[in-house]
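Asks: The following file, work-v9.cif, comprises mmCIF, C-alpha atoms and all ligand atoms:
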data_input
loop_
_atom_site.label_atom_id
_atom_site.label_comp_id
_atom_site.auth_asym_id
_atom_site.auth_seq_id
_atom_site.Cartn_x
_atom_site.Cartn_y
_atom_site.Cartn_z
CA MET A 259 0.00 0.00 0.00
CA HIS A 260 1.80 3.12 -1.11
CA GLU A 261 -1.33 5.22 -1.60
CA LEU A 262 -0.94 6.74 1.86
CA SER A 263 2.58 7.92 1.10
CA ILE A 264 1.37 9.20 -2.26
CA ALA A 265 -1.47 10.98 -0.49
CA TYR A 266 1.08 12.66 1.81
CA SER A 267 3.22 13.78 -1.15
CA LEU A 268 0.09 15.02 -2.83
CA VAL A 269 -1.03 17.00 0.22
CA GLU A 270 2.41 18.54 0.58
CA ALA A 271 2.57 19.60 -3.07
CA ALA A 272 -1.01 20.86 -3.07
CA ALA A 273 -0.46 22.86 0.13
CA GLU A 274 2.60 24.57 -1.38
CA ALA A 275 0.72 25.34 -4.58
CA ALA A 276 -2.22 26.68 -2.58
CA THR A 277 0.04 29.02 -0.63
CA ARG A 278 1.62 30.28 -3.85
CA ALA A 279 -1.85 30.92 -5.26
CA GLY A 280 -2.78 32.92 -2.17
CA ALA A 281 -5.44 30.50 -0.98
CA GLN A 282 -7.21 31.11 2.31
CA ARG A 283 -8.78 27.69 2.11
CA VAL A 284 -8.59 24.73 -0.27
CA VAL A 285 -12.01 23.49 -1.29
CA ALA A 286 -10.97 20.70 -3.66
CA VAL A 287 -7.92 19.14 -5.27
CA GLN A 288 -8.32 17.68 -8.73
CA VAL A 289 -5.92 14.85 -9.50
CA VAL A 290 -5.44 13.00 -12.78
CA VAL A 291 -4.60 9.34 -12.30
CA GLY A 292 -3.28 7.55 -15.37
CA ALA A 293 -4.20 3.92 -15.91
CA LEU A 294 -0.46 3.09 -15.88
CA SER A 295 0.39 5.16 -12.81
CA GLY A 296 0.04 2.17 -10.52
CA VAL A 297 -2.20 4.06 -8.14
CA ALA A 298 -5.48 2.56 -6.94
CA THR A 299 -8.00 5.40 -6.95
CA GLY A 300 -10.17 3.81 -4.25
CA ALA A 301 -7.24 3.50 -1.88
CA LEU A 302 -6.15 7.07 -2.55
CA THR A 303 -9.63 8.39 -1.78
CA PHE A 304 -9.69 6.28 1.36
CA CYS A 305 -6.38 7.82 2.53
CA TRP A 306 -7.31 11.41 1.82
CA GLU A 307 -8.90 12.28 5.14
CA ILE A 308 -5.98 10.80 7.09
CA ALA A 309 -3.37 12.53 4.96
CA THR A 310 -5.03 15.95 5.14
CA ALA A 311 -5.76 15.84 8.89
CA GLU A 312 -4.18 18.80 10.69
CA THR A 313 -2.89 20.32 7.47
CA SER A 314 -4.10 23.36 5.56
CA LEU A 315 -6.02 20.93 3.35
CA ALA A 316 -8.12 19.46 6.15
CA GLY A 317 -11.74 19.20 5.04
CA SER A 318 -10.90 19.51 1.34
CA ARG A 319 -12.37 17.26 -1.33
CA LEU A 320 -10.32 14.99 -3.57
CA ASP A 321 -11.61 14.83 -7.16
CA LEU A 322 -10.02 12.02 -9.13
CA VAL A 323 -10.04 11.95 -12.93
CA GLU A 324 -9.03 8.64 -14.45
CA GLN A 325 -6.90 8.97 -17.58
CA PRO A 326 -6.93 5.98 -19.95
CA VAL A 327 -3.79 5.02 -21.86
CA VAL A 328 -3.40 6.83 -25.16
CA VAL A 329 -0.99 5.30 -27.69
CA TYR A 330 0.35 6.58 -30.97
CA CYS A 331 0.07 4.38 -34.05
CA PRO A 332 2.79 5.03 -36.65
CA ASP A 333 0.63 3.41 -39.38
CA CYS A 334 -2.52 5.40 -38.74
CA ARG A 335 -0.46 8.43 -37.72
CA GLN A 336 -2.83 9.18 -34.94
CA GLU A 337 -3.38 8.63 -31.26
CA GLY A 338 -5.91 6.17 -29.95
CA GLU A 339 -7.30 5.43 -26.53
CA LEU A 340 -6.89 1.90 -25.15
CA ALA A 341 -9.78 0.12 -23.50
CA GLY A 342 -7.46 -1.24 -20.79
CA VAL A 343 -3.79 -1.74 -20.00
CA GLN A 344 -3.42 -5.34 -21.08
CA LEU A 345 -3.31 -5.02 -24.83
CA PHE A 346 -1.08 -2.37 -26.38
CA ARG A 347 -2.49 -2.30 -29.88
CA CYS A 348 -3.77 0.52 -32.04
CA PRO A 349 -7.55 0.62 -31.54
CA GLN A 350 -7.98 1.55 -35.23
CA CYS A 351 -5.81 -1.00 -37.07
CA GLY A 352 -4.65 -3.44 -34.38
CA ARG A 353 -0.92 -2.87 -34.86
CA PRO A 354 1.06 -3.49 -31.64
CA THR A 355 2.43 -0.23 -30.27
CA GLY A 356 4.11 0.73 -27.04
CA ASP A 357 4.34 4.41 -27.87
CA VAL A 358 2.44 5.70 -24.86
CA ARG A 359 1.37 9.33 -25.07
CA ARG A 360 -0.85 9.50 -21.99
CA GLY A 361 -1.76 7.32 -19.04
CA ARG A 362 1.41 7.39 -16.93
CA GLU A 363 0.58 10.61 -15.19
CA LEU A 364 -0.29 11.16 -11.59
CA GLN A 365 -0.66 14.85 -11.29
CA ILE A 366 -2.41 17.62 -9.51
CA GLU A 367 -4.46 19.12 -12.27
CA SER A 368 -6.01 22.03 -10.42
CA LEU A 369 -7.02 23.43 -7.08
CA GLU A 370 -10.32 24.94 -6.14
CA ILE A 371 -9.45 27.59 -3.60
CA GLU A 372 -10.99 30.42 -1.66
CA THR A 373 -9.12 33.70 -1.76
CA ALA A 374 -9.76 37.08 -0.17
CA VAL A 375 -12.14 39.03 -2.46
CA CYS A 376 -10.13 42.22 -2.85
CA ASP A 377 -6.81 40.49 -3.32
CA ASP A 378 -6.53 41.32 -7.04
CA ALA A 379 -8.00 44.79 -6.67
CA GLY A 380 -5.62 45.57 -3.79
CA GLY A 381 -2.63 44.43 -5.83
CA ALA A 382 -3.69 46.57 -8.79
CA ALA A 383 -4.33 49.61 -6.62
CA SER A 384 -0.93 49.52 -4.95
CA ALA A 385 0.71 49.03 -8.35
CA GLU A 386 -0.99 52.18 -9.60
CA GLU A 387 0.11 54.13 -6.57
CA ALA A 388 3.73 53.15 -7.01
CA PRO A 389 4.83 55.65 -9.69
CA MET B 18 -14.09 35.32 0.00
CA SER B 19 -14.28 34.19 -3.61
CA THR B 20 -13.79 30.71 -4.98
CA ARG B 21 -11.68 30.06 -8.04
CA ILE B 22 -9.94 27.25 -9.88
CA VAL B 23 -6.17 27.43 -10.23
CA GLU B 24 -4.47 25.23 -12.78
CA ILE B 25 -1.46 23.41 -11.29
CA ARG B 26 -0.46 20.48 -13.55
CA GLN B 27 2.19 19.22 -11.21
CA ASN B 28 3.46 15.67 -10.93
CA ILE B 29 2.64 14.13 -7.57
CA LEU B 30 5.65 11.89 -7.10
CA ASN B 31 7.50 15.13 -7.40
CA LYS B 32 10.04 14.59 -4.64
CA ASN B 33 10.92 11.06 -5.66
CA ASP B 34 11.06 11.95 -9.33
CA LEU B 35 13.27 14.98 -8.73
CA LEU B 36 15.65 13.01 -6.57
CA ALA B 37 15.67 10.12 -9.07
CA ARG B 38 16.58 12.57 -11.81
CA ARG B 39 19.45 13.88 -9.71
CA LEU B 40 20.62 10.35 -8.98
CA ARG B 41 20.44 9.48 -12.68
CA ASP B 42 22.53 12.54 -13.57
CA GLY B 43 25.03 11.54 -10.90
CA PHE B 44 25.22 7.94 -12.14
CA THR B 45 25.68 9.15 -15.70
CA ALA B 46 28.44 11.56 -14.69
CA ALA B 47 30.15 8.80 -12.67
CA GLY B 48 29.80 6.32 -15.53
CA VAL B 49 27.99 3.73 -13.44
CA PHE B 50 25.25 1.84 -15.30
CA THR B 51 22.43 1.17 -12.87
CA VAL B 52 19.96 -1.70 -13.15
CA ASN B 53 16.78 -2.03 -11.09
CA LEU B 54 15.51 -5.61 -10.72
CA VAL B 55 11.82 -6.01 -9.92
CA SER B 56 9.69 -9.13 -9.44
CA SER B 57 7.37 -10.81 -6.99
CA PRO B 58 8.82 -12.36 -3.79
CA GLY B 59 10.82 -15.48 -4.49
CA THR B 60 11.15 -15.13 -8.28
CA GLY B 61 14.89 -15.56 -7.98
CA LYS B 62 16.25 -12.00 -8.03
CA THR B 63 18.99 -12.75 -5.51
CA ALA B 64 19.98 -16.04 -7.16
CA PHE B 65 20.09 -14.31 -10.56
CA LEU B 66 22.11 -11.43 -9.17
CA GLN B 67 24.53 -13.74 -7.32
CA ARG B 68 25.42 -15.39 -10.59
CA THR B 69 25.50 -12.08 -12.47
CA LEU B 70 27.89 -10.49 -9.96
CA LYS B 71 30.12 -13.55 -9.95
CA GLU B 72 30.33 -13.78 -13.73
CA LEU B 73 30.95 -10.07 -14.17
CA LEU B 74 33.66 -10.07 -11.48
CA GLU B 75 35.36 -12.97 -13.23
CA ARG B 76 35.56 -10.84 -16.36
CA GLY B 77 37.13 -8.02 -14.41
CA THR B 78 34.01 -5.85 -14.51
CA ARG B 79 33.57 -3.62 -11.48
CA VAL B 80 30.20 -4.25 -9.85
CA ALA B 81 28.30 -3.31 -6.71
CA ALA B 82 24.80 -4.00 -5.45
CA LEU B 83 22.08 -2.61 -3.22
CA VAL B 84 19.35 -4.93 -2.06
CA GLY B 85 16.01 -3.97 -0.57
CA ASP B 86 13.99 -6.08 1.83
CA LEU B 87 11.39 -5.34 4.46
CA GLU B 88 13.55 -7.03 7.10
CA THR B 89 16.70 -9.21 7.35
CA ASP B 90 20.05 -8.92 5.62
CA ASN B 91 19.92 -12.46 4.22
CA ASP B 92 20.04 -11.32 0.60
CA ALA B 93 22.94 -8.93 1.19
CA ARG B 94 24.92 -11.74 2.79
CA ARG B 95 24.14 -14.08 -0.12
CA LEU B 96 25.20 -11.42 -2.63
CA ALA B 97 28.31 -10.41 -0.71
CA ALA B 98 29.56 -14.00 -1.03
CA SER B 99 30.30 -13.10 -4.66
CA GLY B 100 33.01 -10.73 -3.42
CA ALA B 101 31.24 -7.61 -4.70
CA PRO B 102 30.49 -4.69 -2.37
CA VAL B 103 26.87 -5.02 -1.27
CA ARG B 104 24.62 -3.02 0.98
CA GLN B 105 21.26 -4.00 2.44
CA ILE B 106 18.40 -1.54 2.56
CA ASN B 107 15.80 -2.48 5.14
CA THR B 108 12.56 -0.74 4.33
CA HIS B 109 10.88 -1.72 7.64
CA GLY B 110 7.47 -2.36 6.21
CA ARG B 111 7.64 -0.33 3.00
CA CYS B 112 6.88 -2.53 0.05
CA HIS B 113 9.22 -0.81 -2.43
CA LEU B 114 12.45 1.12 -2.67
CA GLU B 115 12.43 4.90 -3.08
CA ALA B 116 15.10 7.16 -4.54
CA GLU B 117 15.80 8.59 -1.09
CA MET B 118 16.76 5.14 0.22
CA ILE B 119 19.17 4.67 -2.68
CA GLU B 120 20.80 8.02 -2.01
CA SER B 121 21.23 7.45 1.72
CA HIS B 122 22.64 3.95 1.25
CA LEU B 123 25.21 5.11 -1.26
CA ALA B 124 26.78 7.41 1.32
CA GLY B 125 30.51 6.85 1.51
CA TRP B 126 30.63 4.87 -1.73
CA ASP B 127 32.25 6.42 -4.74
CA VAL B 128 30.01 5.04 -7.47
CA ALA B 129 32.57 6.09 -10.07
CA ASP B 130 34.53 3.04 -8.90
CA TYR B 131 31.94 0.77 -10.52
CA ASP B 132 30.85 -0.09 -14.03
CA PHE B 133 27.52 -1.49 -12.87
CA LEU B 134 25.33 -0.91 -9.86
CA PHE B 135 22.55 -3.46 -9.43
CA ILE B 136 19.55 -2.71 -7.27
CA GLU B 137 17.38 -5.61 -6.12
CA ASN B 138 14.00 -4.14 -5.31
CA VAL B 139 11.61 -5.42 -2.65
CA GLY B 140 9.65 -8.42 -3.96
CA ASN B 141 6.41 -6.80 -5.15
CA LEU B 142 4.83 -6.50 -8.59
CA VAL B 143 2.78 -3.40 -7.85
CA CYS B 144 4.39 -0.47 -6.06
CA PRO B 145 7.99 -0.52 -7.36
CA SER B 146 6.68 0.41 -10.80
CA SER B 147 5.75 3.88 -9.53
CA TYR B 148 9.14 4.67 -8.00
CA ASP B 149 11.96 5.74 -10.26
CA LEU B 150 15.30 5.03 -8.58
CA GLY B 151 17.41 6.83 -11.15
CA GLU B 152 18.22 3.54 -12.84
CA SER B 153 19.51 3.29 -16.39
CA LEU B 154 17.45 0.15 -16.98
CA ARG B 155 14.60 -1.66 -15.34
CA VAL B 156 14.41 -5.44 -15.55
CA VAL B 157 11.20 -7.26 -14.65
CA MET B 158 11.61 -10.89 -13.67
CA LEU B 159 9.10 -13.72 -13.65
CA SER B 160 9.72 -17.35 -12.73
CA VAL B 161 8.18 -20.22 -14.65
CA THR B 162 6.42 -21.30 -11.45
CA GLU B 163 4.33 -18.14 -11.21
CA GLY B 164 2.03 -18.64 -14.19
CA GLU B 165 1.95 -17.28 -17.72
CA ASP B 166 -0.82 -14.79 -16.95
CA LYS B 167 1.18 -12.55 -14.59
CA PRO B 168 1.96 -9.89 -17.23
CA LEU B 169 -1.80 -9.43 -17.72
CA LYS B 170 -2.44 -9.32 -13.97
CA TYR B 171 0.34 -6.79 -13.28
CA PRO B 172 0.49 -4.87 -16.55
CA GLY B 173 1.87 -1.71 -14.98
CA ILE B 174 5.20 -3.15 -13.95
CA PHE B 175 5.49 -5.45 -16.95
CA HIS B 176 4.89 -2.48 -19.20
CA SER B 177 7.49 -0.32 -17.47
CA ALA B 178 10.55 -2.57 -17.84
CA ASP B 179 13.24 -2.50 -20.54
CA LEU B 180 13.84 -6.26 -20.39
CA ALA B 181 11.82 -9.24 -19.18
CA VAL B 182 13.84 -12.07 -17.64
CA ILE B 183 12.16 -15.44 -17.17
CA THR B 184 13.82 -17.25 -14.24
CA LYS B 185 14.01 -20.91 -13.12
CA HIS B 186 13.72 -22.08 -16.70
CA ASP B 187 15.29 -25.36 -15.53
CA LEU B 188 11.86 -26.04 -13.99
CA ALA B 189 9.91 -25.30 -17.17
CA ALA B 190 8.97 -28.91 -17.92
CA ALA B 191 7.94 -29.63 -14.32
CA CYS B 192 5.65 -26.58 -14.43
CA ASP B 193 4.18 -27.31 -17.87
CA LEU B 194 5.30 -23.89 -19.00
CA ASP B 195 3.23 -22.62 -21.93
CA ARG B 196 5.99 -20.63 -23.58
CA ALA B 197 3.84 -19.29 -26.42
CA ALA B 198 1.19 -18.00 -24.01
CA LEU B 199 3.83 -16.38 -21.81
CA LEU B 200 5.44 -14.64 -24.77
CA ALA B 201 2.06 -13.51 -26.11
CA ASN B 202 1.13 -12.00 -22.73
CA LEU B 203 4.47 -10.22 -22.41
CA GLU B 204 4.10 -8.89 -25.94
CA ALA B 205 0.53 -7.73 -25.31
CA VAL B 206 1.52 -5.42 -22.43
CA CYS B 207 4.79 -4.22 -23.97
CA PRO B 208 5.23 -4.76 -27.72
CA GLY B 209 8.76 -5.35 -28.95
CA ARG B 210 10.45 -5.51 -25.54
CA PRO B 211 13.13 -8.26 -25.37
CA VAL B 212 12.61 -11.40 -23.29
CA LEU B 213 15.34 -13.74 -21.98
CA PHE B 214 14.86 -17.26 -20.61
CA THR B 215 17.33 -17.97 -17.82
CA SER B 216 18.26 -20.28 -14.99
CA ALA B 217 20.53 -19.24 -12.16
CA ARG B 218 20.95 -22.93 -11.43
CA THR B 219 22.22 -24.08 -14.85
CA GLY B 220 23.48 -20.75 -16.18
CA GLU B 221 21.08 -20.86 -19.14
CA GLY B 222 20.59 -17.44 -20.69
CA PHE B 223 23.47 -15.78 -18.82
CA PRO B 224 25.71 -15.32 -21.86
CA GLU B 225 22.79 -13.58 -23.63
CA TRP B 226 21.97 -11.50 -20.52
CA LEU B 227 25.56 -10.35 -20.04
CA ALA B 228 25.93 -9.59 -23.74
CA TRP B 229 22.70 -7.59 -23.68
CA LEU B 230 23.89 -5.63 -20.62
CA ALA B 231 27.23 -4.85 -22.24
CA GLU B 232 25.49 -3.72 -25.40
CA ARG B 233 23.10 -1.45 -23.54
CA ARG B 234 25.94 0.00 -21.52
CA ALA B 235 27.93 0.67 -24.70
CA GLY B 236 25.01 2.63 -26.17
CA TRP B 237 24.48 4.58 -22.96
CA PRO B 238 23.85 7.34 -22.07
CA ALA B 239 23.01 8.32 -25.66
CA SER B 240 20.14 5.81 -25.62
CA GLY B 241 18.52 7.55 -22.64
CA GLY B 242 17.20 5.89 -19.49
CA SER B 243 13.97 4.20 -18.54
N1 LIG A 401 15.36 -24.39 -9.73
C1 LIG A 401 15.70 -23.11 -9.57
N2 LIG A 401 15.48 -22.50 -8.40
C2 LIG A 401 15.83 -21.21 -8.27
C3 LIG A 401 16.41 -20.48 -9.35
N3 LIG A 401 16.63 -19.22 -8.93
C4 LIG A 401 16.20 -19.15 -7.66
N4 LIG A 401 15.72 -20.35 -7.25
C5 LIG A 401 15.18 -20.68 -5.93
O1 LIG A 401 14.04 -19.88 -5.69
C6 LIG A 401 13.97 -19.47 -4.32
C7 LIG A 401 13.89 -17.96 -4.23
O2 LIG A 401 15.06 -17.39 -4.79
P1 LIG A 401 15.59 -15.95 -4.38
O3 LIG A 401 16.80 -15.69 -5.22
O4 LIG A 401 15.75 -15.84 -2.92
O5 LIG A 401 14.37 -15.06 -4.84
P2 LIG A 401 14.16 -13.47 -4.64
O6 LIG A 401 13.38 -12.99 -5.81
O7 LIG A 401 15.47 -12.81 -4.39
O8 LIG A 401 13.27 -13.41 -3.34
P3 LIG A 401 12.92 -12.11 -2.43
O9 LIG A 401 14.14 -11.24 -2.41
O10 LIG A 401 12.58 -12.68 -1.11
O11 LIG A 401 11.76 -11.44 -3.10
C8 LIG A 401 15.22 -20.04 -3.66
O12 LIG A 401 14.87 -21.25 -3.02
C9 LIG A 401 16.15 -20.30 -4.83
O13 LIG A 401 17.06 -21.35 -4.59
C10 LIG A 401 16.65 -21.17 -10.58
O14 LIG A 401 17.15 -20.63 -11.57
N5 LIG A 401 16.27 -22.48 -10.64
MG MG A 402 16.06 -11.56 -2.85
ZN ZN A 403 -3.15 2.03 -36.32
#
Spit out the file's structure as structure tokens when you get a sec.
Ligand SMILES: Nc1nc2c(ncn2[C@@H]2O[C@H](COP(=O)(O)OP(=O)(O)OP(=O)(O)O)[C@@H](O)[C@H]2O)c(=O)[nH]1
Ligand SMILES: [Mg+2]
Ligand SMILES: [Zn+2]

Replies:
Amino acid sequence: MHELSIAYSLVEAAAEAATRAGAQRVVAVQVVVGALSGVATGALTFCWEIATAETSLAGSRLDLVEQPVVVYCPDCRQEGELAGVQLFRCPQCGRPTGDVRRGRELQIESLEIETAVCDDAGGAASAEEAP
Amino acid sequence: MSTRIVEIRQNILNKNDLLARRLRDGFTAAGVFTVNLVSSPGTGKTAFLQRTLKELLERGTRVAALVGDLETDNDARRLAASGAPVRQINTHGRCHLEAEMIESHLAGWDVADYDFLFIENVGNLVCPSSYDLGESLRVVMLSVTEGEDKPLKYPGIFHSADLAVITKHDLAAACDLDRAALLANLEAVCPGRPVLFTSARTGEGFPEWLAWLAERRAGWPASGGS
């Protein structure tokens, strides 16, 4: 079970990104999980509450988006989505291909955050005052 | 307060991946070709590596090994009998090696002293596939006693390796090995990837394995890593 350690890495990275974005609170974290990433989505969801406890992400939601494997077929000269991860063949013509274009990723896609309302306006105002 | 969506697009295994990249750069600069061996428990990683270390040492090749296990230093002791420098990494419950463990266990070793560094991962066909250790090559191993369907059951790790090594081939007849089915399953999850049939007991496949290693090392680092 490495989903808990992945969840911790995820929380750490998301918390840093949230701080950079000026978040007061993180509402949700959207994560793309590729079919070849080796991560069990159910286990990751299960670990989320534990991993976020007592962090700035406590109470946030984890939104998982499953990304199927996409391979490139040199014959068809196009990408195709695989139905699973057990048969690496072009879905159009059936040619075996291991040229994986998507499906390995495990990444934080986006954050849904709450920020102070006048943050942008304040920044703009002080910039105008500067000269 | 206002709610908004911020695009991040950041890899989650960030820390491990960054460290693995640094390790890989270090290995490349030091000229040490690093091989990560993955398989289920008991496939024969240690037996295979024992013979590999011994044969390479006999040819005057400079080799070293790191071996990961949850507990015990049995494998390190078995490997050290070859005469090669070996270090045990005890993961204390973790089911895979991480780049950080490789870095900390290399402390005090000058990897530039070696041509090859072998890393025996913890026996596990799931988690090691997600952890880059900075290796130049990943080898997935499968014994003839485990069943021909394993590539289909663990496609992630079978897909991720540069070479598939079939072990305990001396037992093929006793296990009614269906060679064609095994090859078809390996091909289905990773088209075109080479497969070697070996036995650490009889030495079958070792000349091919050592030749393949030498060839890959000769084309490295221009060929890129895994
Ligand atoms: N017949 C036969 N037995 C083998 C061969 N290689 C390994 N074995 C036996 O298989 C068993 C497991 O071998 P190990 O080398 O310890 O396997 P391992 O993959 O290192 O195991 P873990 O590190 O515990 O995951 C031992 O009893 C070995 O003697 C082989 O080529 N032929
Ligand atoms: Mg072993
Ligand atoms: Zn095609």

Asks: Residues within 8 Å of range 171-176 of chain B, please, as a ChimeraX atom specification. Count all atoms listed in the file; anything in the same chain fewer than 4 positions from it doesn't count.

Replies: /A:294-296,343-344 /B:142-143,145-146,157,167,181,203,206-207

Asks: Could those selected residues go to a file with C-alpha atoms, as a PDB file, in the coordinates of the input?

Replies:
ATOM      1  CA  LEU A 294      -0.460   3.090 -15.880  1.00  0.00           C
ATOM      2  CA  SER A 295       0.390   5.160 -12.810  1.00  0.00           C
ATOM      3  CA  GLY A 296       0.040   2.170 -10.520  1.00  0.00           C
ATOM      4  CA  VAL A 343      -3.790  -1.740 -20.000  1.00  0.00           C
ATOM      5  CA  GLN A 344      -3.420  -5.340 -21.080  1.00  0.00           C
TER       6      GLN A 344
ATOM      7  CA  LEU B 142       4.830  -6.500  -8.590  1.00  0.00           C
ATOM      8  CA  VAL B 143       2.780  -3.400  -7.850  1.00  0.00           C
ATOM      9  CA  PRO B 145       7.990  -0.520  -7.360  1.00  0.00           C
ATOM     10  CA  SER B 146       6.680   0.410 -10.800  1.00  0.00           C
ATOM     11  CA  VAL B 157      11.200  -7.260 -14.650  1.00  0.00           C
ATOM     12  CA  LYS B 167       1.180 -12.550 -14.590  1.00  0.00           C
ATOM     13  CA  ALA B 181      11.820  -9.240 -19.180  1.00  0.00           C
ATOM     14  CA  LEU B 203       4.470 -10.220 -22.410  1.00  0.00           C
ATOM     15  CA  VAL B 206       1.520  -5.420 -22.430  1.00  0.00           C
ATOM     16  CA  CYS B 207       4.790  -4.220 -23.970  1.00  0.00           C
TER      17      CYS B 207
END

Asks: Select residues of chain B: the criterion is any atom within 8 Å of an atom of chain A, counting all atoms listed in the file; output as a ChimeraX atom specification.

Replies: /B:18-32,111-112,143-144,146-147,169,172-173,205-209

Asks: Point out the residue among B:Leu188, B:Leu123, B:Ile183, B:Ala231 with the least atom-to-atom distance to Val103 in chain B, counting all atoms listed in the file.

Replies: B:Leu123

Asks: Once you count only C-alpha atoms and all ligand atoms, which residues end up within 10 Å of ligand ZN 403 (chain A), and could you hand them over as a ChimeraX atom specification?

Replies: /A:329-338,347-355

Asks: Go through the chains and note each residue within 6 Å of ligand LIG 401 (chain A), using only C-alpha atoms and all ligand atoms, then give the set as a compact mmCIF listing (two decimals) with C-alpha atoms, in the coordinates of the input.

Replies:
# COMPACT_ATOMS: atom_id res chain seq x y z
CA SER B 57 7.37 -10.81 -6.99
CA PRO B 58 8.82 -12.36 -3.79
CA GLY B 59 10.82 -15.48 -4.49
CA THR B 60 11.15 -15.13 -8.28
CA GLY B 61 14.89 -15.56 -7.98
CA LYS B 62 16.25 -12.00 -8.03
CA THR B 63 18.99 -12.75 -5.51
CA ALA B 64 19.98 -16.04 -7.16
CA GLY B 140 9.65 -8.42 -3.96
CA THR B 184 13.82 -17.25 -14.24
CA LYS B 185 14.01 -20.91 -13.12
CA ASP B 187 15.29 -25.36 -15.53
CA LEU B 188 11.86 -26.04 -13.99
CA SER B 216 18.26 -20.28 -14.99
CA ALA B 217 20.53 -19.24 -12.16
CA ARG B 218 20.95 -22.93 -11.43

Asks: Which one is closest to Ala129 in chain B: B:Leu83, B:Leu73, B:Ala47, B:Ala191? Count only C-alpha atoms.

Replies: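 The shortest atom-to-atom distance to Ala129 in chain B comes from B:Ala47.
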
Asks: As JSON, please report the centre and edge lengths, rounded to one decimal in Å, of the axis-aligned box that holds all listed atoms of range 318-328 of chain A with 6 Å of padding on each of the six sides.

Replies:
{"center_x": -7.9, "center_y": 12.3, "center_z": -11.9, "size_x": 21.0, "size_y": 26.5, "size_z": 38.5}

Asks: Any residue with an atom at most 12 Å from ligand MG 402 (chain A) counts, using only C-alpha atoms and all ligand atoms. Which are they? Put them as number ranges by chain.

Replies: B: 54-67, 82-96, 105-106, 136-141, 158

Asks: Do you have the CA of Glu324 in chain A-CA of Gly151 in chain B distance handy?

Replies: 26.7 Å

Asks: Rounded to one decimal place, report the CA of Glu152 in chain B-CA of Arg79 in chain B distance in Å.

Replies: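 If I compute the distance from CA of Glu152 in chain B to CA of Arg79 in chain B, I get 17.0 Å.
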